[in-house]
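Colleague: This one is start_6.txt, compact mmCIF, C-alpha atoms.
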```txt
# COMPACT_ATOMS: atom_id res chain seq x y z
CA MET A 1 3.29 -26.74 8.09
CA PRO A 2 -0.36 -26.09 7.13
CA ILE A 3 -0.89 -24.67 3.65
CA ARG A 4 -3.97 -22.58 2.94
CA SER A 5 -5.15 -19.82 0.63
CA LEU A 6 -3.71 -16.35 1.14
CA GLU A 7 -5.50 -14.06 3.59
CA ARG A 8 -5.33 -10.30 3.57
CA SER A 9 -3.74 -10.19 7.01
CA ASP A 10 -0.85 -12.52 6.14
CA ALA A 11 2.55 -10.82 6.49
CA ARG A 12 3.89 -10.76 2.93
CA GLU A 13 6.48 -8.03 3.25
CA GLY A 14 10.01 -9.20 3.85
CA PHE A 15 9.55 -12.45 1.91
CA SER A 16 12.80 -13.15 0.11
CA CYS A 17 13.27 -16.27 -2.00
CA GLY A 18 16.25 -15.10 -4.05
CA GLU A 19 14.21 -14.19 -7.12
CA PRO A 20 13.00 -10.56 -6.78
CA SER A 21 10.07 -10.92 -9.20
CA LEU A 22 8.60 -13.73 -7.08
CA ASP A 23 9.01 -11.63 -3.92
CA LEU A 24 7.35 -8.62 -5.51
CA PHE A 25 4.46 -10.68 -6.86
CA LEU A 26 3.65 -11.98 -3.39
CA GLU A 27 3.99 -8.63 -1.67
CA ARG A 28 2.17 -6.46 -4.16
CA TYR A 29 0.04 -8.40 -6.61
CA ALA A 30 -0.95 -11.81 -5.24
CA TRP A 31 -3.81 -10.49 -3.11
CA GLN A 32 -5.43 -8.37 -5.80
CA ASN A 33 -4.97 -11.14 -8.39
CA GLN A 34 -6.87 -13.40 -6.01
CA ALA A 35 -9.45 -11.23 -4.26
CA ARG A 36 -10.19 -8.57 -6.83
CA TYR A 37 -9.60 -10.01 -10.28
CA ARG A 38 -10.02 -13.74 -9.52
CA LEU A 39 -7.15 -14.54 -11.87
CA GLY A 40 -5.49 -17.05 -9.62
CA VAL A 41 -5.38 -18.22 -6.03
CA THR A 42 -2.22 -18.04 -3.96
CA TYR A 43 -1.64 -20.69 -1.31
CA VAL A 44 0.75 -19.99 1.52
CA ALA A 45 2.67 -21.72 4.26
CA VAL A 46 2.58 -19.36 7.21
CA ASP A 47 4.65 -19.33 10.38
CA ASP A 48 2.05 -19.49 13.15
CA ALA A 49 4.03 -17.35 15.57
CA THR A 50 4.85 -14.46 13.26
CA ARG A 51 2.11 -14.79 10.59
CA ARG A 52 4.97 -14.48 8.12
CA VAL A 53 4.67 -16.25 4.78
CA THR A 54 7.49 -18.78 4.43
CA GLY A 55 6.46 -20.25 1.07
CA TYR A 56 3.75 -19.92 -1.55
CA PHE A 57 2.42 -21.04 -4.87
CA THR A 58 -0.24 -19.59 -7.17
CA LEU A 59 -2.72 -21.72 -9.10
CA ALA A 60 -4.70 -20.64 -12.13
CA ALA A 61 -6.89 -22.29 -14.73
CA ALA A 62 -5.12 -22.78 -18.04
CA SER A 63 -5.32 -24.64 -21.29
CA ILE A 64 -2.88 -26.21 -23.71
CA ALA A 65 -3.33 -26.11 -27.46
CA CYS A 66 -1.38 -26.98 -30.59
CA ASP A 67 -1.41 -24.94 -33.80
CA GLU A 68 -0.94 -27.99 -35.99
CA PRO A 69 -2.35 -30.91 -34.00
CA SER A 70 -1.44 -34.25 -35.50
CA VAL A 71 -3.74 -36.04 -33.05
CA ARG A 72 -6.91 -35.08 -31.23
CA PRO A 73 -7.26 -35.54 -27.49
CA PRO A 74 -9.95 -37.88 -26.18
CA GLY A 75 -13.31 -36.30 -26.94
CA GLY A 76 -11.94 -34.46 -29.95
CA TYR A 77 -11.40 -31.16 -28.17
CA ALA A 78 -8.97 -28.61 -29.56
CA GLU A 79 -7.57 -27.63 -26.15
CA VAL A 80 -6.65 -29.55 -23.03
CA PRO A 81 -7.77 -28.04 -19.71
CA CYS A 82 -5.16 -27.97 -16.98
CA ILE A 83 -4.08 -26.17 -13.83
CA ARG A 84 -1.06 -23.94 -13.88
CA ILE A 85 1.32 -23.61 -10.96
CA ALA A 86 2.13 -20.07 -11.95
CA ARG A 87 4.65 -19.42 -9.22
CA LEU A 88 6.18 -21.39 -6.40
CA ALA A 89 8.75 -19.98 -3.99
CA VAL A 90 10.24 -20.60 -0.56
CA ASP A 91 11.71 -17.88 1.66
CA GLN A 92 15.49 -18.24 1.92
CA ARG A 93 15.23 -18.69 5.70
CA ALA A 94 13.05 -21.78 5.15
CA GLN A 95 14.89 -23.31 2.21
CA GLY A 96 16.46 -26.76 2.50
CA MET A 97 13.77 -28.06 4.87
CA GLY A 98 11.47 -29.76 2.38
CA LEU A 99 8.93 -26.95 2.18
CA GLY A 100 9.19 -26.80 -1.63
CA SER A 101 8.11 -30.43 -1.86
CA GLU A 102 5.26 -29.79 0.58
CA LEU A 103 4.05 -26.97 -1.63
CA VAL A 104 4.18 -29.18 -4.74
CA HIS A 105 2.27 -31.88 -2.86
CA ALA A 106 -0.41 -29.38 -1.85
CA ALA A 107 -0.69 -28.06 -5.41
CA LEU A 108 -1.05 -31.57 -6.88
CA ALA A 109 -3.62 -32.53 -4.25
CA ILE A 110 -5.71 -29.50 -5.22
CA ALA A 111 -5.33 -30.30 -8.93
CA LEU A 112 -6.40 -33.90 -8.33
CA ALA A 113 -9.49 -32.75 -6.43
CA GLU A 114 -10.32 -30.22 -9.16
CA SER A 115 -9.96 -32.90 -11.83
CA GLU A 116 -12.86 -34.68 -10.18
CA ARG A 117 -14.95 -31.52 -9.76
CA VAL A 118 -14.55 -29.60 -12.99
CA GLY A 119 -12.07 -31.50 -15.15
CA CYS A 120 -8.36 -31.03 -15.40
CA ALA A 121 -6.08 -33.20 -17.52
CA GLY A 122 -2.80 -32.17 -16.00
CA VAL A 123 -0.64 -29.64 -14.24
CA ILE A 124 1.81 -27.27 -15.87
CA VAL A 125 4.61 -25.40 -14.14
CA ASP A 126 6.79 -22.54 -15.28
CA ALA A 127 10.11 -23.74 -13.94
CA LEU A 128 13.10 -21.46 -13.62
CA PRO A 129 16.18 -23.08 -15.22
CA GLU A 130 17.66 -24.04 -11.84
CA ALA A 131 14.36 -25.64 -10.76
CA VAL A 132 13.70 -27.86 -13.79
CA GLY A 133 15.50 -30.82 -12.15
CA PHE A 134 13.39 -30.39 -9.00
CA TYR A 135 10.17 -30.80 -10.99
CA GLU A 136 11.54 -33.60 -13.18
CA ARG A 137 12.00 -35.71 -10.03
CA PHE A 138 8.21 -35.64 -9.73
CA GLU A 139 7.65 -36.70 -13.35
CA PHE A 140 7.06 -33.22 -14.76
CA SER A 141 8.48 -33.22 -18.27
CA PRO A 142 9.66 -30.17 -20.26
CA MET A 143 7.44 -29.06 -23.11
CA GLY A 144 8.30 -27.26 -26.32
CA VAL A 145 6.33 -24.03 -26.19
CA VAL A 146 5.35 -22.15 -29.32
CA ALA A 147 3.40 -19.30 -27.75
CA VAL A 148 1.95 -18.12 -24.49
CA THR A 149 -0.91 -15.65 -24.47
CA GLY A 150 -1.70 -13.34 -21.61
CA ALA A 151 1.79 -12.31 -20.56
CA LYS A 152 5.00 -10.93 -21.92
CA ARG A 153 7.32 -11.82 -19.10
CA PRO A 154 10.41 -13.87 -19.91
CA ARG A 155 9.40 -17.50 -20.19
CA PRO A 156 10.97 -20.13 -18.02
CA THR A 157 10.78 -23.80 -19.04
CA LEU A 158 7.22 -25.08 -19.20
CA THR A 159 6.82 -28.54 -17.69
CA TRP A 160 3.81 -30.87 -17.72
CA LEU A 161 2.51 -33.65 -15.49
CA GLY A 162 -0.62 -35.61 -16.45
CA ILE A 163 -3.27 -35.86 -13.75
CA GLY A 164 -3.58 -39.60 -14.46
CA THR A 165 0.03 -40.03 -13.36
CA VAL A 166 -0.71 -38.14 -10.13
CA ARG A 167 -3.70 -40.41 -9.52
CA ARG A 168 -1.54 -43.49 -10.09
CA ALA A 169 0.97 -42.17 -7.60
CA MET A 170 -1.78 -42.03 -4.99
CA GLY A 171 -2.09 -45.80 -5.40
CA MET B 1 -19.61 17.80 -3.02
CA ALA B 2 -17.36 15.17 -1.47
CA ASP B 3 -17.37 14.70 2.28
CA TYR B 4 -14.01 15.19 3.93
CA VAL B 5 -12.65 13.52 7.03
CA GLN B 6 -9.52 14.08 9.02
CA ILE B 7 -6.84 11.41 9.28
CA SER B 8 -3.69 11.28 11.35
CA ALA B 9 -0.50 9.55 10.26
CA GLN B 10 3.13 9.40 11.31
CA ILE B 11 5.53 10.33 8.50
CA SER B 12 9.25 10.98 8.43
CA GLU B 13 10.66 14.48 8.90
CA ALA B 14 12.20 14.27 5.44
CA THR B 15 8.83 13.60 3.81
CA ARG B 16 7.26 16.38 5.87
CA SER B 17 9.95 18.81 4.65
CA ARG B 18 9.38 17.83 1.01
CA LEU B 19 5.64 18.22 1.48
CA ASP B 20 6.03 21.70 3.04
CA GLN B 21 8.45 22.82 0.36
CA TYR B 22 6.26 21.57 -2.50
CA ALA B 23 3.17 23.22 -1.01
CA ARG B 24 5.02 26.53 -0.59
CA GLU B 25 6.38 26.45 -4.13
CA THR B 26 3.14 25.51 -5.85
CA GLY B 27 0.61 27.12 -3.56
CA LEU B 28 -1.28 23.82 -3.34
CA LYS B 29 -3.02 22.98 -0.11
CA LYS B 30 -1.27 20.15 1.71
CA GLY B 31 -4.53 18.23 2.11
CA ARG B 32 -5.09 18.27 -1.66
CA LEU B 33 -1.53 17.17 -2.29
CA ILE B 34 -1.76 14.30 0.21
CA GLU B 35 -5.06 13.08 -1.19
CA ASP B 36 -3.75 13.19 -4.77
CA ALA B 37 -0.64 11.29 -3.73
CA ILE B 38 -2.59 8.60 -1.91
CA GLN B 39 -5.02 8.16 -4.80
CA ALA B 40 -2.20 7.97 -7.34
CA HIS B 41 -0.46 5.35 -5.21
CA LEU B 42 -3.60 3.24 -4.78
CA ASP B 43 -4.39 3.47 -8.51
CA ALA B 44 -0.87 2.29 -9.29
CA LEU B 45 -1.30 -0.69 -6.98
CA ASP B 46 -4.49 -1.65 -8.83
CA GLU B 47 -2.73 -1.88 -12.15
CA VAL B 48 -1.10 -5.28 -12.37
CA PRO B 49 1.95 -5.00 -14.65
CA VAL B 50 1.72 -7.30 -17.63
CA GLU B 51 4.73 -9.30 -16.46
CA TYR B 52 2.78 -10.33 -13.36
CA LEU B 53 -0.30 -11.53 -15.20
CA ILE B 54 -0.72 -15.28 -15.25
CA PRO B 55 -0.74 -16.69 -18.79
CA HIS B 56 -3.89 -18.74 -19.33
CA ARG B 57 -3.25 -20.38 -22.70
CA VAL B 58 -0.17 -22.20 -23.87
CA VAL B 59 0.53 -23.36 -27.40
CA VAL B 60 2.96 -26.26 -27.52
CA ASP B 61 4.81 -27.82 -30.43
CA THR B 62 3.52 -30.94 -32.16
CA GLU B 63 5.87 -33.36 -30.39
CA SER B 64 4.84 -32.07 -26.94
CA TRP B 65 1.17 -32.15 -27.92
CA GLU B 66 1.44 -35.79 -28.95
CA ARG B 67 3.04 -36.66 -25.62
CA ILE B 68 0.27 -34.89 -23.70
CA VAL B 69 -2.53 -36.56 -25.67
CA ALA B 70 -0.89 -39.98 -25.31
CA GLU B 71 -0.49 -39.49 -21.58
CA MET B 72 -4.17 -38.59 -21.20
CA ASP B 73 -4.99 -42.06 -22.51
CA ARG B 74 -2.13 -43.93 -20.85
CA PRO B 75 -0.73 -42.24 -17.74
CA VAL B 76 2.98 -42.85 -17.33
CA GLU B 77 4.45 -44.77 -14.42
CA PRO B 78 5.02 -42.31 -11.55
CA THR B 79 8.56 -41.92 -10.29
CA LEU B 80 9.41 -43.11 -6.80
CA ALA B 81 9.79 -39.46 -5.77
CA LEU B 82 6.25 -38.70 -6.95
CA ARG B 83 4.87 -41.76 -5.16
CA ARG B 84 6.58 -40.71 -1.95
CA LEU B 85 5.40 -37.15 -2.39
CA MET B 86 1.76 -38.14 -2.79
CA ARG B 87 1.80 -41.00 -0.27
CA PRO B 88 4.33 -40.04 2.40
CA ASP B 89 2.92 -42.65 4.81
CA ALA B 90 3.12 -45.54 2.33
CA ASP B 91 6.79 -46.44 3.01
```
Take the structure in this file and express it as structure tokens.

Modeller:
Amino acid sequence: MPIRSLERSDAREGFSCGEPSLDLFLERYAWQNQARYRLGVTYVAVDDATRRVTGYFTLAAASIACDEPSVRPPGGYAEVPCIRIARLAVDQRAQGMGLGSELVHAALAIALAESERVGCAGVIVDALPEAVGFYERFEFSPMGVVAVTGAKRPRPTLTWLGIGTVRRAMG
Amino acid sequence: MADYVQISAQISEATRSRLDQYARETGLKKGRLIEDAIQAHLDALDEVPVEYLIPHRVVVDTESWERIVAEMDRPVEPTLALRRLMRPDAD
């Protein structure tokens, strides 16, 4: 199924992945986050016949830092630039058909391309507890988080995948 | 002075009754009430609740930081699942 950035005319209402906050984000806030505030871009898999969104993920620029760094990253920078998969969800009617993996593939392909355009050392994902195993299959590893700025929502497990590992996987 | 235009919309009978009742009780013109309601709704949609903002900066603990920095220099061996994900035609 083709995956592309969200368009205003995409049918977002009725999307139900089993996690109400992810449904509400898509229906009410994804478009304005993308088109008005430029905070993140939401990519969707859309059913051609109905224009209904069957799955989505949101990407945003992010950075990782450490309050007491014992080592410096290459170049001596204090923060590591990365891309955040802020949300990823599949409608319940489309679950179990591999769409989640397709969405991860699309997100990593974008991150890899961006790493060559503007720099990006890795990809981070906020994984709900039941989804941590799904991401670990693809080499994402859980991180110990001290603080997150910019949001107060309950934090799921943060996982990290280096872009070099993604590049190696491409062969 | 603002220009005004006429719009037409289908609403439920229940909403219509509430609108009529509120207008009778307060003496407000229905057009004013409808415009205020629409503007309040649109303003509310513009305000992204803090729980839906995307965090842009993450501070990790020292052990995680060391892993990230090490991996920048020496990428880890991708799992078979990651290889298959990124190269589905390779098998």

Colleague: Would you kindly identify which residues have an atom no farther than 6 Å from (1.7, 21.0, 2.0), using all atoms listed in the file and the file's own coordinates, and write them out as a PyMOL selection string?

Modeller: chain B and resi 19-20+23+29-30

Colleague: Based on only C-alpha atoms, which of the residues in chain A come within 7 Å of chain B? I want them as a ChimeraX atom specification.

Modeller: /A:25,29,61-71,73,86,105,121,137-139,143-153,162,164-165,168-170

Colleague: Around range 76-89 of chain B, with edges along x, y and z and 6 Å added on all six sides, what centre and edge lengths do you get, in Å to one decimal, as JSON?

Modeller:
```
{"center_x": 5.8, "center_y": -41.0, "center_z": -6.3, "size_x": 20.0, "size_y": 19.6, "size_z": 34.1}
```

Colleague: For CA of Ser8 in chain B and CA of Arg24 in chain B, determine how far apart the two atoms are, in Å to one decimal place.

Modeller: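 Between CA of Ser8 in chain B and CA of Arg24 in chain B the gap is 21.2 Å.
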
Colleague: Give me the residues within 12 Å of Ala113 in chain A as a ChimeraX atom specification, counting all atoms listed in the file and dropping any in the same chain fewer than 4 places off.

Modeller: /A:83,106-109,117-122,163,166-167

Colleague: Please, what distance in Å, to one decimal, runs between CA of Thr159 in chain A and CA of Gln92 in chain A?

Modeller: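 It comes out at 23.8 Å.
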
Colleague: Work out how far apart CA of Glu102 in chain A and CA of Gly55 in chain A are and give it in Å to one decimal.

Modeller: 9.6 Å

Colleague: Considering only C-alpha atoms, can you say which of A:Leu103, A:Leu128, A:Val53, A:Leu161 comes closest to Arg8 in chain A?

Modeller: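 Ranking A:Leu103, A:Leu128, A:Val53, A:Leu161 by distance to Arg8 in chain A, first place goes to A:Val53.
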
Colleague: Would you fill the gaps in range 23-45 of chain B so it has N, CA and C atoms, then print it as a PDB file, in the frame of the given file?

Modeller:
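The resulting result_9.pdb:
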```
ATOM      1  N   ALA B  23       4.387  22.426  -1.219  1.00  0.00           N
ATOM      2  CA  ALA B  23       3.170  23.220  -1.010  1.00  0.00           C
ATOM      3  C   ALA B  23       3.490  24.708  -1.092  1.00  0.00           C
ATOM      4  N   ARG B  24       4.622  25.109  -0.526  1.00  0.00           N
ATOM      5  CA  ARG B  24       5.020  26.530  -0.590  1.00  0.00           C
ATOM      6  C   ARG B  24       5.261  26.953  -2.043  1.00  0.00           C
ATOM      7  N   GLU B  25       5.982  26.093  -2.769  1.00  0.00           N
ATOM      8  CA  GLU B  25       6.380  26.450  -4.130  1.00  0.00           C
ATOM      9  C   GLU B  25       5.208  26.495  -5.107  1.00  0.00           C
ATOM     10  N   THR B  26       4.242  25.615  -4.883  1.00  0.00           N
ATOM     11  CA  THR B  26       3.140  25.510  -5.850  1.00  0.00           C
ATOM     12  C   THR B  26       1.868  26.216  -5.377  1.00  0.00           C
ATOM     13  N   GLY B  27       1.812  26.504  -4.095  1.00  0.00           N
ATOM     14  CA  GLY B  27       0.610  27.120  -3.560  1.00  0.00           C
ATOM     15  C   GLY B  27      -0.527  26.128  -3.339  1.00  0.00           C
ATOM     16  N   LEU B  28      -0.251  24.830  -3.575  1.00  0.00           N
ATOM     17  CA  LEU B  28      -1.280  23.820  -3.340  1.00  0.00           C
ATOM     18  C   LEU B  28      -1.499  23.606  -1.850  1.00  0.00           C
ATOM     19  N   LYS B  29      -2.755  23.323  -1.501  1.00  0.00           N
ATOM     20  CA  LYS B  29      -3.020  22.980  -0.110  1.00  0.00           C
ATOM     21  C   LYS B  29      -2.460  21.592   0.176  1.00  0.00           C
ATOM     22  N   LYS B  30      -1.906  21.448   1.377  1.00  0.00           N
ATOM     23  CA  LYS B  30      -1.270  20.150   1.710  1.00  0.00           C
ATOM     24  C   LYS B  30      -2.291  19.004   1.689  1.00  0.00           C
ATOM     25  N   GLY B  31      -3.507  19.274   2.124  1.00  0.00           N
ATOM     26  CA  GLY B  31      -4.530  18.230   2.110  1.00  0.00           C
ATOM     27  C   GLY B  31      -4.805  17.718   0.702  1.00  0.00           C
ATOM     28  N   ARG B  32      -4.860  18.650  -0.260  1.00  0.00           N
ATOM     29  CA  ARG B  32      -5.090  18.270  -1.660  1.00  0.00           C
ATOM     30  C   ARG B  32      -3.932  17.417  -2.175  1.00  0.00           C
ATOM     31  N   LEU B  33      -2.731  17.871  -1.842  1.00  0.00           N
ATOM     32  CA  LEU B  33      -1.530  17.170  -2.290  1.00  0.00           C
ATOM     33  C   LEU B  33      -1.471  15.743  -1.723  1.00  0.00           C
ATOM     34  N   ILE B  34      -1.797  15.630  -0.437  1.00  0.00           N
ATOM     35  CA  ILE B  34      -1.760  14.300   0.210  1.00  0.00           C
ATOM     36  C   ILE B  34      -2.817  13.389  -0.399  1.00  0.00           C
ATOM     37  N   GLU B  35      -4.012  13.922  -0.619  1.00  0.00           N
ATOM     38  CA  GLU B  35      -5.060  13.080  -1.190  1.00  0.00           C
ATOM     39  C   GLU B  35      -4.699  12.630  -2.607  1.00  0.00           C
ATOM     40  N   ASP B  36      -4.172  13.564  -3.409  1.00  0.00           N
ATOM     41  CA  ASP B  36      -3.750  13.190  -4.770  1.00  0.00           C
ATOM     42  C   ASP B  36      -2.681  12.104  -4.739  1.00  0.00           C
ATOM     43  N   ALA B  37      -1.736  12.262  -3.812  1.00  0.00           N
ATOM     44  CA  ALA B  37      -0.640  11.290  -3.730  1.00  0.00           C
ATOM     45  C   ALA B  37      -1.147   9.916  -3.330  1.00  0.00           C
ATOM     46  N   ILE B  38      -2.050   9.893  -2.352  1.00  0.00           N
ATOM     47  CA  ILE B  38      -2.590   8.600  -1.910  1.00  0.00           C
ATOM     48  C   ILE B  38      -3.387   7.944  -3.042  1.00  0.00           C
ATOM     49  N   GLN B  39      -4.215   8.738  -3.714  1.00  0.00           N
ATOM     50  CA  GLN B  39      -5.020   8.160  -4.800  1.00  0.00           C
ATOM     51  C   GLN B  39      -4.138   7.647  -5.938  1.00  0.00           C
ATOM     52  N   ALA B  40      -3.101   8.409  -6.266  1.00  0.00           N
ATOM     53  CA  ALA B  40      -2.200   7.970  -7.340  1.00  0.00           C
ATOM     54  C   ALA B  40      -1.507   6.670  -6.949  1.00  0.00           C
ATOM     55  N   HIS B  41      -1.126   6.567  -5.685  1.00  0.00           N
ATOM     56  CA  HIS B  41      -0.460   5.350  -5.210  1.00  0.00           C
ATOM     57  C   HIS B  41      -1.411   4.154  -5.266  1.00  0.00           C
ATOM     58  N   LEU B  42      -2.637   4.346  -4.788  1.00  0.00           N
ATOM     59  CA  LEU B  42      -3.600   3.240  -4.780  1.00  0.00           C
ATOM     60  C   LEU B  42      -3.975   2.821  -6.206  1.00  0.00           C
ATOM     61  N   ASP B  43      -4.096   3.802  -7.108  1.00  0.00           N
ATOM     62  CA  ASP B  43      -4.390   3.470  -8.510  1.00  0.00           C
ATOM     63  C   ASP B  43      -3.251   2.633  -9.108  1.00  0.00           C
ATOM     64  N   ALA B  44      -2.018   3.020  -8.766  1.00  0.00           N
ATOM     65  CA  ALA B  44      -0.870   2.290  -9.290  1.00  0.00           C
ATOM     66  C   ALA B  44      -0.862   0.849  -8.785  1.00  0.00           C
ATOM     67  N   LEU B  45      -1.264   0.670  -7.541  1.00  0.00           N
ATOM     68  CA  LEU B  45      -1.300  -0.690  -6.980  1.00  0.00           C
ATOM     69  C   LEU B  45      -2.361  -1.544  -7.671  1.00  0.00           C
TER      70      LEU B  45
END
```
